[in-house]
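*Asks:* Sharing target.txt, compact mmCIF, C-alpha atoms and all ligand atoms:
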# COMPACT_ATOMS: atom_id res chain seq x y z
CA MET A 54 0.00 0.00 0.00
CA PRO A 55 1.60 3.35 -0.97
CA ARG A 56 2.06 5.79 1.90
CA LEU A 57 0.67 9.29 1.61
CA VAL A 58 3.23 12.07 1.74
CA ARG A 59 2.93 13.89 5.05
CA SER A 60 2.17 17.60 4.79
CA THR A 61 5.08 19.73 5.86
CA LYS A 62 2.62 22.07 7.56
CA VAL A 63 1.61 19.32 9.98
CA GLY A 64 5.28 18.87 10.77
CA ILE A 65 6.62 15.93 12.71
CA VAL A 66 3.79 14.16 14.48
CA ASN A 67 4.87 10.93 16.10
CA PHE A 68 1.81 10.06 18.08
CA VAL A 69 -1.87 10.91 18.22
CA HIS A 70 -3.93 10.10 21.29
CA VAL A 71 -7.30 8.51 20.55
CA ASN A 72 -10.05 8.70 23.15
CA GLU A 73 -12.83 6.24 22.38
CA VAL A 74 -16.29 7.62 23.19
CA GLY A 75 -18.38 4.79 21.69
CA PRO A 76 -19.51 3.29 25.00
CA ARG A 77 -20.98 6.71 25.91
CA ASP A 78 -21.65 8.90 22.84
CA GLY A 79 -22.08 5.88 20.55
CA ILE A 80 -24.61 4.08 22.64
CA GLN A 81 -26.55 6.90 24.29
CA ASN A 82 -28.53 7.66 21.15
CA THR A 83 -29.42 4.18 19.93
CA ASN A 84 -32.79 2.56 20.44
CA ALA A 85 -31.04 -0.68 21.28
CA VAL A 86 -30.37 -0.34 24.99
CA LEU A 87 -27.34 -2.53 25.66
CA SER A 88 -27.06 -4.52 28.85
CA VAL A 89 -24.21 -3.82 31.26
CA SER A 90 -22.65 -7.12 30.14
CA GLU A 91 -22.78 -6.10 26.48
CA ARG A 92 -21.25 -2.69 27.26
CA PHE A 93 -18.54 -4.47 29.27
CA GLU A 94 -17.84 -6.83 26.37
CA LEU A 95 -17.58 -3.94 23.89
CA ILE A 96 -15.13 -2.07 26.14
CA ARG A 97 -12.99 -5.19 26.63
CA SER A 98 -12.90 -5.69 22.87
CA LEU A 99 -11.84 -2.04 22.30
CA GLU A 100 -9.11 -2.43 24.90
CA LYS A 101 -7.78 -5.51 23.10
CA SER A 102 -7.08 -3.34 20.06
CA GLY A 103 -4.80 -1.13 22.16
CA ILE A 104 -7.15 1.74 23.03
CA GLN A 105 -6.09 3.12 26.38
CA SER A 106 -8.56 5.90 26.93
CA ILE A 107 -12.29 5.24 26.93
CA GLU A 108 -15.34 7.27 27.98
CA ILE A 109 -17.32 4.37 29.36
CA GLY A 110 -20.67 5.99 30.11
CA SER A 111 -22.39 8.79 31.96
CA PHE A 112 -24.04 9.57 35.25
CA VAL A 113 -27.14 11.29 33.93
CA SER A 114 -30.84 11.00 34.63
CA PRO A 115 -32.03 7.52 33.58
CA LYS A 116 -35.27 9.19 32.50
CA ALA A 117 -33.37 11.49 30.12
CA VAL A 118 -31.00 8.85 28.73
CA PRO A 119 -32.15 5.31 29.65
CA SER A 120 -29.27 3.66 27.77
CA MET A 121 -26.72 5.04 30.24
CA SER A 122 -28.24 3.57 33.40
CA GLY A 123 -26.01 0.98 35.04
CA THR A 124 -22.81 2.96 34.41
CA ASP A 125 -21.93 2.46 38.11
CA LYS A 126 -22.22 -1.34 37.75
CA LEU A 127 -20.23 -1.24 34.53
CA PHE A 128 -17.43 0.82 36.07
CA LYS A 129 -17.17 -1.61 39.00
CA ARG A 130 -16.68 -4.55 36.63
CA LEU A 131 -13.90 -2.95 34.59
CA SER A 132 -10.25 -3.40 35.52
CA ASN A 133 -8.13 -0.56 34.11
CA LYS A 134 -9.78 2.19 36.14
CA ASN A 135 -7.30 4.92 35.27
CA ASN A 136 -8.03 4.50 31.56
CA TYR A 137 -11.69 5.42 31.91
CA SER A 138 -13.66 8.63 32.05
CA VAL A 139 -17.35 9.18 32.77
CA LEU A 140 -19.52 12.08 31.61
CA VAL A 141 -21.23 14.06 34.38
CA PRO A 142 -23.65 16.93 33.70
CA ASN A 143 -24.12 18.32 37.21
CA LEU A 144 -23.26 18.06 40.91
CA LYS A 145 -25.41 14.96 41.38
CA GLY A 146 -23.50 13.21 38.58
CA PHE A 147 -20.23 14.33 40.13
CA ASN A 148 -21.25 12.90 43.52
CA LEU A 149 -22.04 9.57 41.85
CA ALA A 150 -18.64 9.64 40.12
CA GLN A 151 -16.92 10.26 43.45
CA GLU A 152 -18.88 7.49 45.20
CA ASN A 153 -17.72 5.10 42.47
CA ASN A 154 -14.09 6.26 42.64
CA VAL A 155 -14.05 7.45 39.03
CA GLU A 156 -10.63 8.95 38.24
CA GLU A 157 -11.61 11.19 35.33
CA ILE A 158 -14.84 13.08 34.71
CA CYS A 159 -16.09 14.88 31.60
CA LEU A 160 -18.27 17.92 32.14
CA VAL A 161 -20.37 19.14 29.26
CA LEU A 162 -21.07 22.81 28.58
CA CYS A 163 -23.09 23.72 25.52
CA VAL A 164 -22.14 27.29 24.71
CA THR A 165 -25.67 28.48 23.84
CA ASP A 166 -28.41 28.75 26.43
CA SER A 167 -30.94 27.04 24.15
CA MET A 168 -28.80 23.95 23.69
CA ASN A 169 -27.55 23.82 27.27
CA LYS A 170 -31.16 24.02 28.51
CA LYS A 171 -32.23 21.21 26.18
CA ASN A 172 -29.29 19.07 27.18
CA ILE A 173 -28.97 19.59 30.92
CA ASN A 174 -31.74 22.02 31.85
CA LYS A 175 -29.45 24.87 32.88
CA THR A 176 -28.35 28.16 31.38
CA VAL A 177 -24.69 28.53 30.43
CA GLU A 178 -24.16 30.75 33.47
CA GLU A 179 -25.80 28.26 35.86
CA SER A 180 -23.66 25.41 34.52
CA THR A 181 -20.50 27.49 34.66
CA ILE A 182 -21.06 28.31 38.34
CA GLU A 183 -21.71 24.63 39.13
CA PHE A 184 -18.69 23.47 37.11
CA LYS A 185 -16.37 25.77 39.04
CA LYS A 186 -17.41 24.00 42.26
CA ILE A 187 -17.00 20.57 40.65
CA ILE A 188 -13.55 21.40 39.24
CA ASP A 189 -12.42 22.80 42.62
CA GLU A 190 -13.61 19.67 44.42
CA SER A 191 -12.04 17.41 41.77
CA ASN A 192 -8.70 19.17 42.09
CA ARG A 193 -8.81 18.73 45.88
CA ASN A 194 -9.45 15.00 45.37
CA ASN A 195 -7.08 14.27 42.48
CA ILE A 196 -9.87 13.60 40.04
CA ARG A 197 -8.89 14.50 36.50
CA THR A 198 -11.31 16.87 34.73
CA LYS A 199 -12.23 17.46 31.13
CA CYS A 200 -14.85 19.88 29.92
CA TYR A 201 -16.61 19.55 26.60
CA ILE A 202 -17.23 22.88 24.92
CA SER A 203 -20.21 21.70 22.91
CA VAL A 204 -21.87 23.27 19.89
CA ALA A 205 -18.60 25.18 19.62
CA PHE A 206 -19.24 26.04 15.97
CA TYR A 207 -22.95 25.63 15.23
CA CYS A 208 -25.97 25.24 17.49
CA PRO A 209 -29.07 23.43 16.20
CA TYR A 210 -31.25 26.14 17.78
CA GLU A 211 -29.20 29.34 17.45
CA GLY A 212 -27.14 28.72 14.31
CA LYS A 213 -23.52 29.80 13.86
CA VAL A 214 -21.71 30.53 17.10
CA ASP A 215 -19.30 33.47 17.42
CA ASN A 216 -15.80 32.05 17.97
CA GLY A 217 -14.72 35.05 20.06
CA TYR A 218 -17.43 34.11 22.54
CA VAL A 219 -16.36 30.44 22.49
CA VAL A 220 -12.76 31.47 23.25
CA GLU A 221 -13.94 33.66 26.15
CA LEU A 222 -16.05 30.88 27.67
CA THR A 223 -13.29 28.31 27.17
CA ASN A 224 -10.79 30.60 28.89
CA THR A 225 -13.19 31.00 31.81
CA ILE A 226 -13.36 27.21 32.27
CA ILE A 227 -9.57 26.97 31.92
CA SER A 228 -9.19 29.61 34.64
CA TYR A 229 -11.06 27.24 37.01
CA GLY A 230 -8.20 24.74 36.71
CA VAL A 231 -9.71 22.14 34.36
CA ASP A 232 -7.18 19.62 32.99
CA GLU A 233 -8.49 19.37 29.43
CA ILE A 234 -10.88 21.14 27.10
CA VAL A 235 -12.64 19.16 24.40
CA ILE A 236 -13.79 21.33 21.52
CA ALA A 237 -16.89 19.63 20.14
CA ASP A 238 -18.70 20.05 16.84
CA THR A 239 -21.86 18.44 18.20
CA ILE A 240 -23.90 18.48 14.99
CA GLY A 241 -21.02 18.01 12.56
CA GLN A 242 -21.39 21.30 10.70
CA ALA A 243 -17.92 22.82 11.08
CA ASN A 244 -15.49 22.99 8.19
CA PRO A 245 -11.67 22.85 8.35
CA SER A 246 -11.27 26.64 7.99
CA GLU A 247 -13.52 27.24 10.98
CA VAL A 248 -11.70 24.59 12.99
CA LYS A 249 -8.32 26.15 12.22
CA GLU A 250 -9.56 29.63 13.08
CA LEU A 251 -10.93 28.58 16.47
CA PHE A 252 -7.80 26.62 17.47
CA LYS A 253 -5.59 29.50 16.30
CA LYS A 254 -7.50 31.91 18.52
CA LEU A 255 -7.40 29.51 21.49
CA ALA A 256 -3.64 29.06 21.04
CA ARG A 257 -3.05 32.80 21.49
CA SER A 258 -3.54 32.47 25.23
CA ASN A 259 -3.23 28.72 25.86
CA ASN A 260 -0.97 25.74 25.34
CA THR A 261 -2.42 23.46 22.64
CA ASP A 262 -1.65 20.39 24.81
CA GLN A 263 -4.70 21.32 26.86
CA PHE A 264 -7.09 20.75 23.96
CA SER A 265 -8.65 17.82 22.23
CA ALA A 266 -11.20 17.71 19.44
CA HIS A 267 -14.51 15.85 19.12
CA PHE A 268 -16.04 15.78 15.66
CA HIS A 269 -19.34 14.40 14.50
CA ASP A 270 -19.24 13.24 10.90
CA THR A 271 -22.61 14.52 9.61
CA LYS A 272 -21.14 16.00 6.43
CA ALA A 273 -18.19 13.60 6.14
CA LEU A 274 -15.84 16.40 7.23
CA GLY A 275 -14.58 14.64 10.36
CA LEU A 276 -11.21 13.60 8.95
CA SER A 277 -10.67 16.95 7.21
CA ASN A 278 -11.33 18.63 10.53
CA VAL A 279 -8.83 16.30 12.21
CA PHE A 280 -6.22 17.30 9.66
CA ALA A 281 -7.00 20.99 10.20
CA SER A 282 -6.60 20.44 13.97
CA LEU A 283 -3.30 18.60 13.48
CA GLU A 284 -2.03 21.62 11.57
CA GLU A 285 -2.87 23.76 14.60
CA GLY A 286 -0.97 21.47 16.97
CA ILE A 287 -3.87 19.39 18.36
CA ARG A 288 -2.81 15.82 19.10
CA LYS A 289 -5.79 14.34 20.96
CA PHE A 290 -9.03 13.28 19.30
CA ASP A 291 -12.29 11.67 20.35
CA SER A 292 -13.84 9.09 18.06
CA CYS A 293 -16.41 6.37 18.20
CA ILE A 294 -16.26 2.81 16.97
CA GLY A 295 -18.23 2.43 13.73
CA GLY A 296 -19.14 6.12 13.79
CA LEU A 297 -22.10 5.48 16.07
CA GLY A 298 -23.50 8.22 18.18
CA GLY A 299 -24.99 11.63 18.55
CA CYS A 300 -26.54 13.76 21.22
CA PRO A 301 -30.23 12.88 21.75
CA PHE A 302 -31.00 16.55 22.46
CA ALA A 303 -29.33 18.02 19.37
CA PRO A 304 -31.50 17.63 16.27
CA GLY A 305 -29.32 16.88 13.25
CA SER A 306 -26.56 15.34 15.33
CA THR A 307 -25.42 12.16 13.64
CA GLY A 308 -22.60 9.78 14.42
CA ASN A 309 -19.14 10.65 15.65
CA LEU A 310 -16.05 10.43 13.53
CA ALA A 311 -15.41 6.66 13.36
CA THR A 312 -12.42 5.37 15.32
CA GLU A 313 -11.42 3.06 12.47
CA ASP A 314 -11.37 6.06 10.08
CA LEU A 315 -9.25 8.13 12.45
CA VAL A 316 -6.81 5.29 13.17
CA GLY A 317 -6.74 4.31 9.49
CA MET A 318 -5.84 7.83 8.37
CA MET A 319 -3.14 8.11 11.05
CA GLU A 320 -1.68 4.80 9.91
CA MET A 321 -1.59 6.02 6.29
CA MET A 322 0.19 9.16 7.48
CA ASN A 323 2.70 7.11 9.51
CA ILE A 324 1.43 8.55 12.77
CA ASP A 325 1.30 6.07 15.64
CA THR A 326 -1.85 5.64 17.75
CA GLY A 327 -0.87 2.42 19.53
CA ILE A 328 -4.06 0.86 18.11
CA ASP A 329 -4.23 -2.24 15.94
CA ILE A 330 -6.68 -1.56 13.11
CA ASP A 331 -7.49 -5.23 12.39
CA SER A 332 -8.41 -5.82 15.98
CA LEU A 333 -10.38 -2.54 15.99
CA LEU A 334 -12.44 -3.81 13.06
CA GLN A 335 -13.50 -6.76 15.22
CA SER A 336 -14.85 -4.28 17.78
CA ARG A 337 -16.69 -2.62 14.91
CA GLU A 338 -18.32 -5.94 14.03
CA LEU A 339 -19.30 -6.43 17.64
CA ALA A 340 -20.80 -2.91 17.87
CA SER A 341 -22.72 -3.52 14.67
CA LYS A 342 -24.09 -6.84 15.94
CA MET A 343 -25.04 -5.42 19.33
CA THR A 344 -26.83 -2.33 18.01
CA SER A 345 -28.11 -3.78 14.71
CA LEU A 346 -27.23 -0.43 13.17
CA GLU A 347 -25.61 0.31 9.86
CA LEU A 348 -22.32 1.93 10.80
CA ILE A 349 -20.86 4.93 9.01
CA GLY A 350 -17.13 4.23 9.41
CA ARG A 351 -15.61 3.72 5.97
CA MET A 352 -12.22 2.18 6.75
CA TYR A 353 -13.21 -1.50 6.87
P1 LIG B 1 -33.38 18.00 35.65
O1 LIG B 1 -34.75 17.45 35.44
O2 LIG B 1 -33.20 19.47 35.59
O3 LIG B 1 -32.75 17.50 37.01
O4 LIG B 1 -32.42 17.27 34.62
P2 LIG B 1 -33.21 17.66 38.47
O5 LIG B 1 -32.06 18.11 39.27
O6 LIG B 1 -34.52 18.47 38.56
O7 LIG B 1 -33.57 16.15 38.87
C1 LIG B 1 -34.57 15.41 38.19
C2 LIG B 1 -34.37 13.93 38.47
O8 LIG B 1 -33.14 13.49 37.86
C3 LIG B 1 -34.22 13.61 39.95
O9 LIG B 1 -34.68 12.28 40.12
C4 LIG B 1 -32.74 13.62 40.16
O10 LIG B 1 -32.33 12.84 41.26
C5 LIG B 1 -32.25 12.99 38.87
P3 LIG B 1 -36.22 11.97 40.58
O11 LIG B 1 -36.37 12.69 41.86
O12 LIG B 1 -37.11 12.51 39.48
O13 LIG B 1 -36.23 10.47 40.66
N1 LIG B 1 -30.88 13.41 38.50
C6 LIG B 1 -29.92 12.54 38.19
N2 LIG B 1 -29.88 11.20 38.13
C7 LIG B 1 -28.72 10.63 37.76
N3 LIG B 1 -27.61 11.34 37.46
C8 LIG B 1 -27.61 12.68 37.50
C9 LIG B 1 -28.80 13.32 37.89
N4 LIG B 1 -29.14 14.62 38.03
C10 LIG B 1 -30.42 14.66 38.42
N5 LIG B 1 -26.51 13.35 37.19
C11 LIG B 1 -30.23 16.44 34.05
C12 LIG B 1 -31.05 17.61 34.55
C13 LIG B 1 -28.84 16.93 33.78
C14 LIG B 1 -30.22 15.37 35.10
C15 LIG B 1 -30.90 15.85 32.79
O14 LIG B 1 -31.17 16.90 31.89
C16 LIG B 1 -30.01 14.85 32.10
O15 LIG B 1 -29.71 13.80 32.64
N6 LIG B 1 -29.59 15.13 30.88
C17 LIG B 1 -28.76 14.19 30.14
C18 LIG B 1 -27.89 14.92 29.23
C19 LIG B 1 -27.11 13.96 28.38
O16 LIG B 1 -26.73 12.88 28.78
N7 LIG B 1 -26.87 14.39 27.14
C20 LIG B 1 -26.03 13.65 26.24
C21 LIG B 1 -24.59 13.81 26.61
S1 LIG B 1 -23.90 15.36 26.07
C22 LIG B 1 -23.38 15.02 24.45
O17 LIG B 1 -23.72 14.01 23.89
C23 LIG B 1 -22.43 15.98 23.77
C24 LIG B 1 -20.98 15.45 23.76
O18 LIG B 1 -20.89 14.23 23.07
C25 LIG B 1 -20.05 16.46 23.09
C26 LIG B 1 -20.61 16.98 21.76
O19 LIG B 1 -20.74 16.21 20.81
O20 LIG B 1 -20.89 18.17 21.76
C27 LIG B 1 -20.46 15.25 25.17
MG MG B 2 -20.72 14.04 20.91
For the file at hand, write its structure as structure tokens.
Ligand code: HMG
Ligand code: MG
*Replies:*
Amino acid sequence: MPRLVRSTKVGIVNFVHVNEVGPRDGIQNTNAVLSVSERFELIRSLEKSGIQSIEIGSFVSPKAVPSMSGTDKLFKRLSNKNNYSVLVPNLKGFNLAQENNVEEICLVLCVTDSMNKKNINKTVEESTIEFKKIIDESNRNNIRTKCYISVAFYCPYEGKVDNGYVVELTNTIISYGVDEIVIADTIGQANPSEVKELFKKLARSNNTDQFSAHFHDTKALGLSNVFASLEEGIRKFDSCIGGLGGCPFAPGSTGNLATEDLVGMMEMMNIDTGIDIDSLLQSRELASKMTSLELIGRMY
């Protein structure tokens, strides 16, 4: 297989960190509610391919997202605790994470009031105040924190989002002492120019190591947006096995960038991810069987 020539603009990239979000983002939006045992089996299969960072589920209202109930039981059964993160939307979710000795939490802040209200029933300001308390408490207890900056480019209710405002809000969360910011294109509408522009602006006052990117592949621009991010120094990406996923509260949100597509492109570019693509494709098969969904990943 001929190797693609690496762009000089990307420079020397030896390694890209892949964070698998399938067990949370991939499964939360499917009608097929997987059992805890099935979720466990999927995570074990992903780990066999070499993935070392997995968002395994969320502590959210079981009425809002039934498919995520049992995340506490799932976490207890898993062995490599420091490889897992869990999404928490509020203080109650954080308390559950602490009770279960979760080592990394993912907060989620949608940057528009309309979307944040739909997702977690709070305004941006209300969530920000609560997240400051959660980040403070996490830092006191050595819990690692990430915060999703969701609908960072386009909101399904308010349209295009001003990137100056996104930078301001992101900097506010960074000032609280969060460990990582995940810039998320929730409904998969961003293009590579917009991605570059936002990361360029964020890099003016921050180290790019603090950021990762989370793309949904609605318009098949996920990989282009990864490349644009690589050019701006981003080295950590979320993806989802098979390209499953989407936020149940964001109309138009389709699947995430598929992990096999991300890993496949990195392999073609000679960038290591530590993940074995053949073994990853077995996880894809498993995810397809479990959900009975047609998957969007193309690299199989
Ligand atoms: P609410 O109704 O405002 O909450 O919902 P509340 O405080 O009034 O409580 C209502 C009930 O929920 C109570 O139970 C609480 O105990 C319970 P009841 O008395 O009725 O039996 N409750 C909880 N239970 C479990 N865990 C919790 C929790 N909090 C309250 N943490 C709430 C607010 C946040 C709970 C609700 O809106 C919710 O669960 N939303 C789920 C949001 C979600 O999971 N969205 C998808 C993930 S975000 C995403 O996909 C985007 C991302 O991928 C990045 C991107 O692409 O942009 C991350
Ligand atoms: Mg998402």
*Asks:* Report as CSV the residues of segment 95-116 of chain A within 12 Å of segment 283-293 of chain A, each with its shortest atom pair and distance in Å (one decimal), using only C-alpha atoms, ordered by chain and increasing residue number.
*Replies:*
residue,atom,partner,partner_atom,distance
A:Leu95,CA,A:Cys293,CA,11.8
A:Ile96,CA,A:Cys293,CA,11.7
A:Leu99,CA,A:Cys293,CA,10.4
A:Ile104,CA,A:Ser292,CA,11.1
A:Ser106,CA,A:Asp291,CA,9.5
A:Ile107,CA,A:Asp291,CA,9.2
A:Glu108,CA,A:Asp291,CA,9.3
A:Ile109,CA,A:Cys293,CA,11.4
*Asks:* Can you write out the residues you just picked, keeping C-alpha atoms, as a PDB file, keeping the file's coordinate frame?
*Replies:*
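Saved the output as part_16.pdb:
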ATOM      1  CA  LEU A  95     -17.580  -3.940  23.890  1.00  0.00           C
ATOM      2  CA  ILE A  96     -15.130  -2.070  26.140  1.00  0.00           C
ATOM      3  CA  LEU A  99     -11.840  -2.040  22.300  1.00  0.00           C
ATOM      4  CA  ILE A 104      -7.150   1.740  23.030  1.00  0.00           C
ATOM      5  CA  SER A 106      -8.560   5.900  26.930  1.00  0.00           C
ATOM      6  CA  ILE A 107     -12.290   5.240  26.930  1.00  0.00           C
ATOM      7  CA  GLU A 108     -15.340   7.270  27.980  1.00  0.00           C
ATOM      8  CA  ILE A 109     -17.320   4.370  29.360  1.00  0.00           C
TER       9      ILE A 109
END
*Asks:* Residues of chain A within 10 Å of ligand MG 2 (chain B): nearest atom pair and distance (Å, one decimal) for each, counting only C-alpha atoms and all ligand atoms, sorted by chain and number, as CSV?
*Replies:*
residue,atom,partner,partner_atom,distance
A:Val74,CA,B:MG2,MG,8.1
A:Gly75,CA,B:MG2,MG,9.6
A:Arg77,CA,B:MG2,MG,8.9
A:Asp78,CA,B:MG2,MG,5.6
A:Gly79,CA,B:MG2,MG,8.3
A:Gln81,CA,B:MG2,MG,9.8
A:Val161,CA,B:MG2,MG,9.8
A:Tyr201,CA,B:MG2,MG,8.9
A:Ser203,CA,B:MG2,MG,7.9
A:Val204,CA,B:MG2,MG,9.4
A:Ala237,CA,B:MG2,MG,6.8
A:Asp238,CA,B:MG2,MG,7.5
A:Thr239,CA,B:MG2,MG,5.3
A:Ile240,CA,B:MG2,MG,8.1
A:Gly241,CA,B:MG2,MG,9.3
A:His267,CA,B:MG2,MG,6.7
A:Phe268,CA,B:MG2,MG,7.2
A:His269,CA,B:MG2,MG,6.6
A:Asp291,CA,B:MG2,MG,8.8
A:Ser292,CA,B:MG2,MG,8.9
A:Cys293,CA,B:MG2,MG,9.2
A:Leu297,CA,B:MG2,MG,9.9
A:Gly298,CA,B:MG2,MG,7.0
A:Gly299,CA,B:MG2,MG,5.4
A:Cys300,CA,B:MG2,MG,5.8
A:Pro301,CA,B:MG2,MG,9.6
A:Ala303,CA,B:MG2,MG,9.6
A:Ser306,CA,B:MG2,MG,8.2
A:Thr307,CA,B:MG2,MG,8.9
A:Gly308,CA,B:MG2,MG,8.0
A:Asn309,CA,B:MG2,MG,6.5
A:Leu310,CA,B:MG2,MG,9.5
*Asks:* I need the chosen residues saved as a PDB file, in the coordinates of the input, with C-alpha atoms.
*Replies:*
ATOM      1  CA  VAL A  74     -16.290   7.620  23.190  1.00  0.00           C
ATOM      2  CA  GLY A  75     -18.380   4.790  21.690  1.00  0.00           C
ATOM      3  CA  ARG A  77     -20.980   6.710  25.910  1.00  0.00           C
ATOM      4  CA  ASP A  78     -21.650   8.900  22.840  1.00  0.00           C
ATOM      5  CA  GLY A  79     -22.080   5.880  20.550  1.00  0.00           C
ATOM      6  CA  GLN A  81     -26.550   6.900  24.290  1.00  0.00           C
ATOM      7  CA  VAL A 161     -20.370  19.140  29.260  1.00  0.00           C
ATOM      8  CA  TYR A 201     -16.610  19.550  26.600  1.00  0.00           C
ATOM      9  CA  SER A 203     -20.210  21.700  22.910  1.00  0.00           C
ATOM     10  CA  VAL A 204     -21.870  23.270  19.890  1.00  0.00           C
ATOM     11  CA  ALA A 237     -16.890  19.630  20.140  1.00  0.00           C
ATOM     12  CA  ASP A 238     -18.700  20.050  16.840  1.00  0.00           C
ATOM     13  CA  THR A 239     -21.860  18.440  18.200  1.00  0.00           C
ATOM     14  CA  ILE A 240     -23.900  18.480  14.990  1.00  0.00           C
ATOM     15  CA  GLY A 241     -21.020  18.010  12.560  1.00  0.00           C
ATOM     16  CA  HIS A 267     -14.510  15.850  19.120  1.00  0.00           C
ATOM     17  CA  PHE A 268     -16.040  15.780  15.660  1.00  0.00           C
ATOM     18  CA  HIS A 269     -19.340  14.400  14.500  1.00  0.00           C
ATOM     19  CA  ASP A 291     -12.290  11.670  20.350  1.00  0.00           C
ATOM     20  CA  SER A 292     -13.840   9.090  18.060  1.00  0.00           C
ATOM     21  CA  CYS A 293     -16.410   6.370  18.200  1.00  0.00           C
ATOM     22  CA  LEU A 297     -22.100   5.480  16.070  1.00  0.00           C
ATOM     23  CA  GLY A 298     -23.500   8.220  18.180  1.00  0.00           C
ATOM     24  CA  GLY A 299     -24.990  11.630  18.550  1.00  0.00           C
ATOM     25  CA  CYS A 300     -26.540  13.760  21.220  1.00  0.00           C
ATOM     26  CA  PRO A 301     -30.230  12.880  21.750  1.00  0.00           C
ATOM     27  CA  ALA A 303     -29.330  18.020  19.370  1.00  0.00           C
ATOM     28  CA  SER A 306     -26.560  15.340  15.330  1.00  0.00           C
ATOM     29  CA  THR A 307     -25.420  12.160  13.640  1.00  0.00           C
ATOM     30  CA  GLY A 308     -22.600   9.780  14.420  1.00  0.00           C
ATOM     31  CA  ASN A 309     -19.140  10.650  15.650  1.00  0.00           C
ATOM     32  CA  LEU A 310     -16.050  10.430  13.530  1.00  0.00           C
TER      33      LEU A 310
END
*Asks:* For a cut-off of 8 Å around (-8.5, 8.3, 17.6), file coordinates, pick out all residues using all atoms listed in the file and list them as a list in words.
*Replies:*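 I get Val69, His70, Val71, Asn72, Glu73, Lys289, Phe290, Asp291, Ser292, Thr312, Glu313, Leu315, Val316 and Thr326 of chain A for the residues within 8 Å of that point.
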*Asks:* How far is it from atom CA of Asp329 of chain A to atom CA of Ala311 of chain A, in Å with one decimal?
*Replies:*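 That distance, rounded to one decimal, is 14.5 Å.
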*Asks:* By how many Å are atom CA of Ala243 of chain A and atom C13 of ligand LIG 1 (chain B) apart?
*Replies:* 25.9 Å
*Asks:* A:Val155, A:Cys208, A:Ile294, A:Met319: which is nearest Asn194 of chain A, counting all atoms listed in the file?
*Replies:*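 Smallest separation from Asn194 of chain A among the options: A:Val155.
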